[in-house]
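> Input structure: final_3.cif, which contains mmCIF, C-alpha atoms.
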```cif
data_input
loop_
_atom_site.group_PDB
_atom_site.id
_atom_site.type_symbol
_atom_site.label_atom_id
_atom_site.label_comp_id
_atom_site.auth_asym_id
_atom_site.auth_seq_id
_atom_site.Cartn_x
_atom_site.Cartn_y
_atom_site.Cartn_z
ATOM 1 C CA MET Z 359 19.972 194.341 -47.720
ATOM 2 C CA ARG Z 360 20.455 197.235 -50.154
ATOM 3 C CA LYS Z 361 17.654 199.006 -48.291
ATOM 4 C CA VAL Z 362 19.501 198.362 -45.010
ATOM 5 C CA PHE Z 363 22.705 199.908 -46.348
ATOM 6 C CA ASP Z 364 20.810 202.831 -47.867
ATOM 7 C CA LEU Z 365 19.410 203.535 -44.394
ATOM 8 C CA LEU Z 366 22.857 203.239 -42.822
ATOM 9 C CA LYS Z 367 24.251 205.868 -45.190
ATOM 10 C CA LYS Z 368 21.816 208.400 -43.719
ATOM 11 C CA VAL Z 369 22.978 207.863 -40.145
ATOM 12 C CA ILE Z 370 26.626 206.737 -40.316
ATOM 13 C CA ASP Z 371 28.219 210.168 -39.825
ATOM 14 C CA THR Z 372 25.885 211.228 -37.038
ATOM 15 C CA ASP Z 373 25.939 210.388 -33.335
ATOM 16 C CA ALA Z 374 22.392 208.976 -33.414
ATOM 17 C CA THR Z 375 21.851 205.684 -31.601
ATOM 18 C CA VAL Z 376 21.289 202.836 -34.065
ATOM 19 C CA PHE Z 377 18.957 200.036 -32.961
ATOM 20 C CA LEU Z 378 19.279 196.740 -34.851
ATOM 21 C CA ARG Z 379 16.484 194.171 -34.711
ATOM 22 C CA GLY Z 380 16.749 190.723 -36.237
ATOM 23 C CA GLU Z 381 16.918 187.010 -35.602
ATOM 24 C CA THR Z 382 20.034 185.367 -34.191
ATOM 25 C CA GLY Z 383 22.705 185.043 -36.849
ATOM 26 C CA THR Z 384 21.451 187.753 -39.208
ATOM 27 C CA GLY Z 385 24.708 189.696 -38.905
ATOM 28 C CA LYS Z 386 23.845 192.399 -36.384
ATOM 29 C CA GLU Z 387 27.431 192.760 -35.160
ATOM 30 C CA LEU Z 388 28.718 192.983 -38.738
ATOM 31 C CA ILE Z 389 26.262 195.817 -39.383
ATOM 32 C CA ALA Z 390 27.385 197.521 -36.159
ATOM 33 C CA GLN Z 391 31.000 197.266 -37.348
ATOM 34 C CA ALA Z 392 29.974 198.688 -40.726
ATOM 35 C CA VAL Z 393 28.439 201.676 -38.914
ATOM 36 C CA HIS Z 394 31.628 202.262 -36.932
ATOM 37 C CA TYR Z 395 34.280 201.667 -39.594
ATOM 38 C CA ASN Z 396 32.519 203.839 -42.169
ATOM 39 C CA SER Z 397 31.867 206.690 -39.737
ATOM 40 C CA ASN Z 398 33.972 209.626 -38.568
ATOM 41 C CA ARG Z 399 34.695 207.579 -35.417
ATOM 42 C CA ARG Z 400 36.515 204.794 -37.290
ATOM 43 C CA LYS Z 401 39.961 205.765 -35.945
ATOM 44 C CA ARG Z 402 38.824 205.153 -32.364
ATOM 45 C CA GLU Z 403 37.740 201.940 -30.618
ATOM 46 C CA PHE Z 404 34.843 199.653 -31.525
ATOM 47 C CA VAL Z 405 33.893 197.989 -28.221
ATOM 48 C CA ALA Z 406 31.352 195.157 -28.127
ATOM 49 C CA GLN Z 407 29.595 193.437 -25.220
ATOM 50 C CA ASN Z 408 26.942 190.730 -25.281
ATOM 51 C CA CYS Z 409 24.523 191.650 -22.498
ATOM 52 C CA ALA Z 410 23.342 188.048 -22.169
ATOM 53 C CA ALA Z 411 26.832 186.640 -21.661
ATOM 54 C CA LEU Z 412 27.443 187.780 -18.052
ATOM 55 C CA PRO Z 413 25.466 187.841 -14.789
ATOM 56 C CA GLU Z 414 24.332 191.244 -13.561
ATOM 57 C CA GLY Z 415 27.217 191.929 -11.180
ATOM 58 C CA LEU Z 416 29.929 191.085 -13.695
ATOM 59 C CA LEU Z 417 28.171 192.898 -16.529
ATOM 60 C CA GLU Z 418 27.925 196.062 -14.431
ATOM 61 C CA SER Z 419 31.632 196.042 -13.576
ATOM 62 C CA GLU Z 420 32.548 195.300 -17.212
ATOM 63 C CA LEU Z 421 30.480 198.177 -18.564
ATOM 64 C CA PHE Z 422 31.001 200.815 -15.869
ATOM 65 C CA GLY Z 423 34.343 199.799 -14.400
ATOM 66 C CA TYR Z 424 35.218 200.276 -10.733
ATOM 67 C CA VAL Z 425 37.646 201.990 -8.394
ATOM 68 C CA LYS Z 426 40.022 200.309 -6.011
ATOM 69 C CA GLY Z 427 38.195 199.067 -2.904
ATOM 70 C CA ALA Z 428 34.738 199.203 -4.511
ATOM 71 C CA PHE Z 429 34.157 195.596 -3.440
ATOM 72 C CA SER Z 430 36.084 192.621 -2.143
ATOM 73 C CA GLY Z 431 38.778 191.763 -4.673
ATOM 74 C CA ALA Z 432 38.850 195.192 -6.322
ATOM 75 C CA ASN Z 433 42.565 195.710 -5.747
ATOM 76 C CA ALA Z 434 43.030 198.332 -8.464
ATOM 77 C CA ASP Z 435 40.994 200.680 -10.612
ATOM 78 C CA LYS Z 436 39.472 199.156 -13.727
ATOM 79 C CA THR Z 437 38.258 201.140 -16.713
ATOM 80 C CA GLY Z 438 34.856 199.985 -17.977
ATOM 81 C CA LEU Z 439 33.919 199.293 -21.586
ATOM 82 C CA ILE Z 440 31.898 202.506 -21.778
ATOM 83 C CA GLU Z 441 35.001 204.585 -21.106
ATOM 84 C CA LEU Z 442 37.153 202.376 -23.324
ATOM 85 C CA ALA Z 443 34.835 203.314 -26.211
ATOM 86 C CA GLU Z 444 35.635 207.022 -25.724
ATOM 87 C CA GLY Z 445 35.458 208.744 -29.101
ATOM 88 C CA GLY Z 446 34.355 205.501 -30.722
ATOM 89 C CA THR Z 447 31.401 203.109 -30.747
ATOM 90 C CA LEU Z 448 29.921 200.922 -28.021
ATOM 91 C CA PHE Z 449 27.985 197.930 -29.383
ATOM 92 C CA LEU Z 450 25.549 196.389 -26.904
ATOM 93 C CA ASP Z 451 24.387 193.061 -28.317
ATOM 94 C CA GLU Z 452 21.269 191.313 -26.975
ATOM 95 C CA ILE Z 453 20.254 194.474 -25.112
ATOM 96 C CA GLY Z 454 16.899 192.821 -24.381
ATOM 97 C CA ASP Z 455 18.662 190.497 -21.937
ATOM 98 C CA MET Z 456 20.230 193.308 -19.891
ATOM 99 C CA PRO Z 457 19.112 192.988 -16.247
ATOM 100 C CA ILE Z 458 16.445 195.522 -15.323
ATOM 101 C CA GLY Z 459 18.652 196.930 -12.540
ATOM 102 C CA LEU Z 460 21.340 197.997 -15.037
ATOM 103 C CA GLN Z 461 18.926 199.555 -17.470
ATOM 104 C CA ALA Z 462 18.453 202.712 -15.373
ATOM 105 C CA LYS Z 463 22.236 203.211 -15.235
ATOM 106 C CA LEU Z 464 22.550 202.770 -18.979
ATOM 107 C CA LEU Z 465 19.717 205.262 -19.472
ATOM 108 C CA ARG Z 466 21.700 207.842 -17.513
ATOM 109 C CA VAL Z 467 24.742 207.229 -19.716
ATOM 110 C CA LEU Z 468 22.648 207.818 -22.830
ATOM 111 C CA GLN Z 469 20.892 210.904 -21.454
ATOM 112 C CA GLU Z 470 23.698 212.630 -19.593
ATOM 113 C CA LYS Z 471 26.688 211.306 -21.553
ATOM 114 C CA GLU Z 472 28.457 210.448 -18.331
ATOM 115 C CA VAL Z 473 29.424 207.308 -16.429
ATOM 116 C CA ARG Z 474 30.112 206.630 -12.768
ATOM 117 C CA PRO Z 475 32.384 203.640 -12.000
ATOM 118 C CA LEU Z 476 31.391 201.333 -9.153
ATOM 119 C CA GLY Z 477 32.556 202.691 -5.814
ATOM 120 C CA SER Z 478 33.223 206.175 -7.196
ATOM 121 C CA THR Z 479 31.494 209.369 -6.067
ATOM 122 C CA GLU Z 480 32.339 211.207 -9.289
ATOM 123 C CA SER Z 481 30.842 210.914 -12.753
ATOM 124 C CA ARG Z 482 33.004 211.150 -15.847
ATOM 125 C CA LYS Z 483 31.915 212.612 -19.176
ATOM 126 C CA VAL Z 484 32.037 210.239 -22.142
ATOM 127 C CA ASN Z 485 31.792 210.792 -25.876
ATOM 128 C CA ILE Z 486 30.498 207.556 -27.356
ATOM 129 C CA ARG Z 487 28.184 206.393 -30.113
ATOM 130 C CA VAL Z 488 25.893 203.520 -29.093
ATOM 131 C CA VAL Z 489 24.665 200.756 -31.381
ATOM 132 C CA ALA Z 490 22.286 198.289 -29.704
ATOM 133 C CA ALA Z 491 20.869 195.024 -31.020
ATOM 134 C CA THR Z 492 18.323 192.422 -30.012
ATOM 135 C CA HIS Z 493 16.471 189.399 -31.336
ATOM 136 C CA CYS Z 494 13.728 189.886 -28.731
ATOM 137 C CA ASP Z 495 10.372 191.627 -28.980
ATOM 138 C CA LEU Z 496 11.151 194.497 -26.597
ATOM 139 C CA GLN Z 497 7.535 195.684 -26.589
ATOM 140 C CA GLU Z 498 6.566 192.303 -25.171
ATOM 141 C CA LYS Z 499 9.323 192.607 -22.550
ATOM 142 C CA ILE Z 500 8.056 196.096 -21.649
ATOM 143 C CA ARG Z 501 4.552 194.713 -21.084
ATOM 144 C CA GLY Z 502 6.053 191.984 -18.904
ATOM 145 C CA GLY Z 503 8.029 194.474 -16.815
ATOM 146 C CA GLU Z 504 11.380 193.141 -18.031
ATOM 147 C CA PHE Z 505 12.473 196.184 -20.014
ATOM 148 C CA ARG Z 506 12.193 199.896 -19.291
ATOM 149 C CA GLN Z 507 9.997 201.809 -21.702
ATOM 150 C CA ASP Z 508 12.053 204.998 -21.328
ATOM 151 C CA LEU Z 509 15.239 203.111 -22.244
ATOM 152 C CA TYR Z 510 13.487 201.584 -25.248
ATOM 153 C CA TYR Z 511 12.577 205.017 -26.606
ATOM 154 C CA ARG Z 512 16.071 206.292 -25.922
ATOM 155 C CA LEU Z 513 17.584 203.373 -27.882
ATOM 156 C CA CYS Z 514 15.058 203.319 -30.698
ATOM 157 C CA VAL Z 515 16.239 206.540 -32.375
ATOM 158 C CA PHE Z 516 17.115 204.911 -35.684
ATOM 159 C CA PRO Z 517 15.730 201.336 -35.844
ATOM 160 C CA ILE Z 518 16.814 198.975 -38.626
ATOM 161 C CA GLU Z 519 15.258 195.563 -39.280
ATOM 162 C CA LEU Z 520 17.598 192.838 -40.538
ATOM 163 C CA PRO Z 521 15.688 190.254 -42.594
ATOM 164 C CA PRO Z 522 16.195 186.538 -41.917
ATOM 165 C CA LEU Z 523 18.033 184.581 -44.580
ATOM 166 C CA LYS Z 524 14.926 182.608 -45.573
ATOM 167 C CA GLU Z 525 13.339 185.895 -46.714
ATOM 168 C CA ARG Z 526 16.225 186.751 -49.047
ATOM 169 C CA ARG Z 527 17.079 183.457 -50.704
ATOM 170 C CA GLU Z 528 18.289 185.272 -53.818
ATOM 171 C CA ASP Z 529 21.400 186.165 -51.767
ATOM 172 C CA LEU Z 530 22.243 182.511 -51.071
ATOM 173 C CA PRO Z 531 24.288 181.646 -54.202
ATOM 174 C CA ALA Z 532 26.555 184.675 -53.773
ATOM 175 C CA LEU Z 533 27.002 184.021 -50.041
ATOM 176 C CA ILE Z 534 27.726 180.322 -50.626
ATOM 177 C CA GLN Z 535 30.349 181.077 -53.263
ATOM 178 C CA HIS Z 536 31.909 183.720 -51.000
ATOM 179 C CA PHE Z 537 32.190 181.313 -48.060
ATOM 180 C CA ILE Z 538 33.585 178.535 -50.274
ATOM 181 C CA GLY Z 539 36.333 180.882 -51.426
ATOM 182 C CA ASP Z 540 36.969 182.121 -47.900
ATOM 183 C CA PHE Z 541 37.303 178.675 -46.311
ATOM 184 C CA SER Z 542 39.193 177.201 -49.267
ATOM 185 C CA GLN Z 543 41.852 179.838 -48.694
ATOM 186 C CA ARG Z 544 41.790 179.434 -44.917
ATOM 187 C CA TYR Z 545 42.264 175.655 -45.059
ATOM 188 C CA ASP Z 546 44.576 175.748 -48.101
ATOM 189 C CA LYS Z 547 42.215 173.665 -50.239
ATOM 190 C CA ASP Z 548 41.586 173.955 -53.960
ATOM 191 C CA ILE Z 549 37.797 173.545 -53.902
ATOM 192 C CA ILE Z 550 36.747 173.972 -57.530
ATOM 193 C CA GLY Z 551 33.050 174.599 -56.882
ATOM 194 C CA ILE Z 552 29.818 173.047 -55.725
ATOM 195 C CA SER Z 553 27.687 170.466 -57.499
ATOM 196 C CA PRO Z 554 24.149 171.405 -58.613
ATOM 197 C CA ALA Z 555 22.705 168.786 -56.248
ATOM 198 C CA ALA Z 556 24.589 170.186 -53.238
ATOM 199 C CA MET Z 557 23.622 173.736 -54.213
ATOM 200 C CA ASP Z 558 19.992 172.606 -54.436
ATOM 201 C CA TYR Z 559 20.113 171.324 -50.838
ATOM 202 C CA LEU Z 560 21.644 174.567 -49.586
ATOM 203 C CA LEU Z 561 19.137 176.722 -51.469
ATOM 204 C CA ARG Z 562 16.125 174.856 -50.097
ATOM 205 C CA TYR Z 563 17.151 174.835 -46.411
ATOM 206 C CA ASP Z 564 15.516 177.449 -44.125
ATOM 207 C CA TYR Z 565 18.551 178.324 -41.935
ATOM 208 C CA PRO Z 566 17.016 179.009 -38.503
ATOM 209 C CA GLY Z 567 20.523 180.180 -37.496
ATOM 210 C CA ASN Z 568 20.634 182.491 -40.547
ATOM 211 C CA ILE Z 569 23.977 183.550 -42.043
ATOM 212 C CA ARG Z 570 25.930 182.150 -39.098
ATOM 213 C CA GLU Z 571 24.422 178.709 -39.764
ATOM 214 C CA LEU Z 572 25.038 178.977 -43.517
ATOM 215 C CA ARG Z 573 28.655 179.930 -42.865
ATOM 216 C CA ASN Z 574 29.105 176.920 -40.567
ATOM 217 C CA ALA Z 575 27.448 174.609 -43.118
ATOM 218 C CA VAL Z 576 29.808 175.717 -45.882
ATOM 219 C CA GLU Z 577 32.841 175.501 -43.596
ATOM 220 C CA ARG Z 578 31.964 171.885 -42.768
ATOM 221 C CA ALA Z 579 31.455 171.086 -46.460
ATOM 222 C CA VAL Z 580 34.875 172.537 -47.351
ATOM 223 C CA LEU Z 581 36.512 170.504 -44.586
ATOM 224 C CA MET Z 582 34.800 167.317 -45.783
ATOM 225 C CA CYS Z 583 35.597 167.900 -49.464
ATOM 226 C CA GLU Z 584 38.901 166.758 -50.960
ATOM 227 C CA SER Z 585 41.163 169.364 -52.507
ATOM 228 C CA GLY Z 586 40.693 169.575 -56.261
ATOM 229 C CA ALA Z 587 37.072 168.404 -56.068
ATOM 230 C CA SER Z 588 33.614 169.971 -55.909
ATOM 231 C CA ILE Z 589 31.361 170.002 -52.869
ATOM 232 C CA LEU Z 590 28.807 167.172 -53.078
ATOM 233 C CA PRO Z 591 25.606 166.500 -51.086
ATOM 234 C CA GLU Z 592 27.424 163.977 -48.888
ATOM 235 C CA HIS Z 593 29.700 166.757 -47.661
ATOM 236 C CA LEU Z 594 26.742 168.607 -46.113
ATOM 237 C CA SER Z 595 25.485 168.291 -42.547
ATOM 238 C CA VAL Z 596 22.953 165.720 -41.369
ATOM 239 C CA GLU Z 597 20.536 168.521 -40.338
ATOM 240 C CA ILE Z 598 20.264 169.759 -43.921
ATOM 241 C CA PHE Z 599 19.596 166.239 -45.226
ATOM 242 C CA GLN Z 600 16.919 165.645 -42.574
ATOM 243 C CA LEU Z 601 14.995 168.855 -43.248
ATOM 244 C CA VAL Z 602 15.322 169.262 -47.023
ATOM 245 C CA THR Z 603 13.676 167.168 -49.714
ATOM 246 C CA PRO Z 604 15.708 167.456 -52.912
ATOM 247 C CA VAL Z 605 13.961 168.420 -56.135
ATOM 248 C CA ARG Z 606 13.171 165.442 -58.341
ATOM 249 C CA ASP Z 607 13.346 165.776 -62.096
ATOM 250 C CA ASP Z 608 9.860 164.761 -63.264
ATOM 251 C CA SER Z 609 10.061 166.693 -66.503
ATOM 252 C CA HIS Z 610 10.112 163.490 -68.556
ATOM 253 C CA ARG Z 611 6.781 162.336 -67.178
ATOM 254 C CA ASP Z 612 3.481 163.150 -68.790
ATOM 255 C CA LYS Z 613 1.269 163.825 -65.819
ATOM 256 C CA GLY Z 614 -1.856 163.690 -67.953
ATOM 257 C CA ASN Z 615 -3.638 166.336 -65.881
ATOM 258 C CA GLY Z 616 -3.408 169.969 -64.852
ATOM 259 C CA SER Z 617 -3.945 173.158 -66.777
ATOM 260 C CA LEU Z 618 -1.836 174.607 -69.568
ATOM 261 C CA ARG Z 619 -0.782 177.327 -67.108
ATOM 262 C CA ASP Z 620 0.534 174.670 -64.680
ATOM 263 C CA ALA Z 621 2.454 172.934 -67.458
ATOM 264 C CA ILE Z 622 4.029 176.231 -68.574
ATOM 265 C CA ALA Z 623 4.966 177.052 -64.962
ATOM 266 C CA ARG Z 624 6.665 173.648 -64.545
ATOM 267 C CA PHE Z 625 8.568 174.115 -67.793
ATOM 268 C CA GLU Z 626 9.607 177.653 -66.833
ATOM 269 C CA ALA Z 627 10.835 176.539 -63.402
ATOM 270 C CA LYS Z 628 12.883 173.705 -64.893
ATOM 271 C CA LEU Z 629 14.361 175.923 -67.607
ATOM 272 C CA ILE Z 630 15.410 178.565 -65.075
ATOM 273 C CA GLU Z 631 16.903 175.923 -62.765
ATOM 274 C CA GLN Z 632 18.893 174.319 -65.589
ATOM 275 C CA LYS Z 633 20.182 177.697 -66.771
ATOM 276 C CA LEU Z 634 21.286 178.695 -63.246
ATOM 277 C CA GLN Z 635 23.027 175.367 -62.703
ATOM 278 C CA ALA Z 636 24.827 175.648 -66.042
ATOM 279 C CA LEU Z 637 26.070 179.125 -65.105
ATOM 280 C CA ASN Z 638 27.103 178.187 -61.548
ATOM 281 C CA TRP Z 639 24.114 180.129 -60.154
ATOM 282 C CA ASN Z 640 25.233 183.454 -61.595
ATOM 283 C CA GLN Z 641 21.901 185.290 -61.678
ATOM 284 C CA THR Z 642 23.057 188.193 -63.842
ATOM 285 C CA ARG Z 643 24.346 185.919 -66.633
ATOM 286 C CA ALA Z 644 21.309 183.643 -66.389
ATOM 287 C CA ALA Z 645 18.927 186.589 -66.711
ATOM 288 C CA LYS Z 646 20.834 187.863 -69.748
ATOM 289 C CA GLU Z 647 20.721 184.472 -71.504
ATOM 290 C CA LEU Z 648 17.014 184.099 -70.674
ATOM 291 C CA ASN Z 649 16.447 187.623 -72.049
ATOM 292 C CA ILE Z 650 14.782 188.886 -68.853
ATOM 293 C CA SER Z 651 15.829 191.364 -66.177
ATOM 294 C CA ARG Z 652 17.633 190.148 -63.055
ATOM 295 C CA ARG Z 653 14.726 191.417 -60.921
ATOM 296 C CA THR Z 654 12.282 189.362 -63.020
ATOM 297 C CA LEU Z 655 14.522 186.318 -62.644
ATOM 298 C CA ILE Z 656 14.600 186.723 -58.855
ATOM 299 C CA ASP Z 657 10.813 187.106 -58.769
ATOM 300 C CA LYS Z 658 10.418 183.905 -60.764
ATOM 301 C CA MET Z 659 12.912 182.039 -58.531
ATOM 302 C CA GLN Z 660 10.876 183.035 -55.485
ATOM 303 C CA ARG Z 661 7.562 182.157 -57.169
ATOM 304 C CA HIS Z 662 8.803 178.681 -58.116
#
```
Show the structure stored in the file as structure tokens.


Amino acid sequence: MRKVFDLLKKVIDTDATVFLRGETGTGKELIAQAVHYNSNRRKREFVAQNCAALPEGLLESELFGYVKGAFSGANADKTGLIELAEGGTLFLDEIGDMPIGLQAKLLRVLQEKEVRPLGSTESRKVNIRVVAATHCDLQEKIRGGEFRQDLYYRLCVFPIELPPLKERREDLPALIQHFIGDFSQRYDKDIIGISPAAMDYLLRYDYPGNIRELRNAVERAVLMCESGASILPEHLSVEIFQLVTPVRDDSHRDKGNGSLRDAIARFEAKLIEQKLQALNWNQTRAAKELNISRRTLIDKMQRH
């Protein structure tokens, strides 16, 4: 994620189109907001539209607007989202699901910096910055005739890949603690922490819904937990219990086989786990007490 933000710093104060690719729930809209609110456009509007949320006709009128009499029921002019984003940022989420018929019109907006409302004979100049996002493989959609290649190249000026949560597990403890604090305050609960067993379940789950799913899991746990107590495994969702096998402590057993290297690896893994649990999963403190760098600690956590 540091690499993601380092890339964003290079493009934030430009008008270049940013193209975010990542699985559902990886925080694409949050990144789009970070682009807007840290840019020189932050005093103007941030306008977002999910392209998969509306059928083609409604999506077109939402984006481009219309003039009175453009169609049955158009009793007054309506300004579209593209014009509402004037001077600011237009975020088009799930751009891969935009109907093919609208893609040519969006291409014109990007190329000519102008928009023509439905039913109008005049185009209007617009000054907007576009951030687009998708979880789809747009190259595959291009081969299937579902997405315009010229629009793809127009959007893909500054692509950024957002990694799924399962590929950055070292972020989990900090995110979990953040969400516990957030929801404790929201629901006026004094949640004093999370038990090592519950943390173990959360660290070993793969989160197909990524950060959105993690956030929901912690919110449920906070709601289930009594004020003044710690989150326990029984406060977690059924899905996590079904898909995660908790770590068993077999350190007291003499397995009687395996190499010295295997035995050392098992001891190292257990020592690191115990140290992290004792320090409430604070990686920086754990690394210091283990007399290794934080990067080495993270590498060992991933290896084990």

> Quick one: which residues end up in the PyMOL selection byres ((chain Z and resi 513) around 8) for this structure, as a ChimeraX atom specification?

/Z:375-377,490,509-512,514-516

> Enter the distance from CA of Ile458 in chain Z to CA of Leu388 in chain Z, in Å, rounded to one decimal.

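These atoms are spaced 26.6 Å apart.
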
> With all atoms listed in the file as the basis for distance, which of Z:Ala443, Z:Ala579, Z:Ala428, Z:Ala623 is at the shortest distance from His662 in chain Z?

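The closest residue to His662 in chain Z is Z:Ala623.
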
> Let me make sure I understand: among Z:Glu577, Z:Glu441, Z:Glu381, Z:Glu470, which one has the smallest atom-to-atom distance to Asp495 in chain Z if we use all atoms listed in the file?

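Result for the nearest residue to Asp495 in chain Z: Z:Glu381.
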
> Mind running range 552-603 of chain Z against range 634-654 of chain Z at 12 Å and telling me each contacting residue's nearest atom pair with the distance in Å (one decimal), counting all atoms listed in the file, chain and number ascending, as a tab-separated table?


```
residue	atom	partner	partner_atom	distance
Z:Ile552	CA	Z:Asn638	CA	8.2
Z:Ser553	CA	Z:Gln635	CA	8.5
Z:Pro554	CA	Z:Gln635	CA	5.8
Z:Ala555	CA	Z:Gln635	CA	9.2
Z:Ala556	CA	Z:Gln635	CA	10.9
Z:Met557	CA	Z:Gln635	CA	8.7
Z:Asp558	CA	Z:Gln635	CA	9.2
Z:Leu561	CA	Z:Trp639	CA	10.6
Z:Ser588	CA	Z:Asn638	CA	11.9
```

> What residues come out when you apply the PyMOL selection byres ((chain Z and resi 400-416) around 10) to this file, written as a ChimeraX atom specification?

/Z:387,390-399,417-421,423,439-460,486-492

> Mind giving me the straight-line distance from CA of Ser478 in chain Z to CA of Val425 in chain Z in Å, one decimal?

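So the two atoms, CA of Ser478 in chain Z and CA of Val425 in chain Z, lie 6.2 Å apart.
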
> For Tyr424 in chain Z, work out the shell of residues within 9 Å, counting all atoms listed in the file and skipping chain neighbours fewer than 6 positions away, then give it as a compact mmCIF listing (two decimals) with C-alpha atoms, keeping the file's coordinate frame.


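Writing the result to result.txt gives the following:
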```txt
# COMPACT_ATOMS: atom_id res chain seq x y z
CA ALA Z 432 38.85 195.19 -6.32
CA ALA Z 434 43.03 198.33 -8.46
CA ASP Z 435 40.99 200.68 -10.61
CA LYS Z 436 39.47 199.16 -13.73
CA THR Z 437 38.26 201.14 -16.71
CA GLY Z 438 34.86 199.98 -17.98
CA ARG Z 474 30.11 206.63 -12.77
CA PRO Z 475 32.38 203.64 -12.00
CA LEU Z 476 31.39 201.33 -9.15
CA GLY Z 477 32.56 202.69 -5.81
CA SER Z 478 33.22 206.18 -7.20
```

> To one decimal place, how far is CA of Thr384 in chain Z from CA of Leu523 in chain Z in Å?

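Distance between the two atoms: 7.1 Å.
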
> So that all listed atoms of range 483-500 of chain Z fit with 4 Å spare on each side, what axis-aligned box centre and edge lengths in Å, to one decimal, would you give as lines of an AutoDock Vina configuration file?


```
center_x = 19.3
center_y = 201.0
center_z = -25.3
size_x = 33.5
size_y = 31.2
size_z = 20.2
```

> For a quick check of understanding, using only C-alpha atoms, which of Z:Glu525, Z:Glu626, Z:Asp620, Z:Glu472 has the smallest distance to Arg562 in chain Z?

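Distance minimum relative to Arg562 in chain Z lands on Z:Glu525.
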
> What's around Asp529 in chain Z at 12 Å? Count all atoms listed in the file, leave out sequence neighbours fewer than 4 positions away in its own chain, and write the answer as JSON, numbers by chain.

{"Z": [359, 360, 521, 522, 523, 524, 525, 533, 534, 535, 536, 560, 561, 568, 569, 572, 639, 640, 641, 656, 659, 660]}
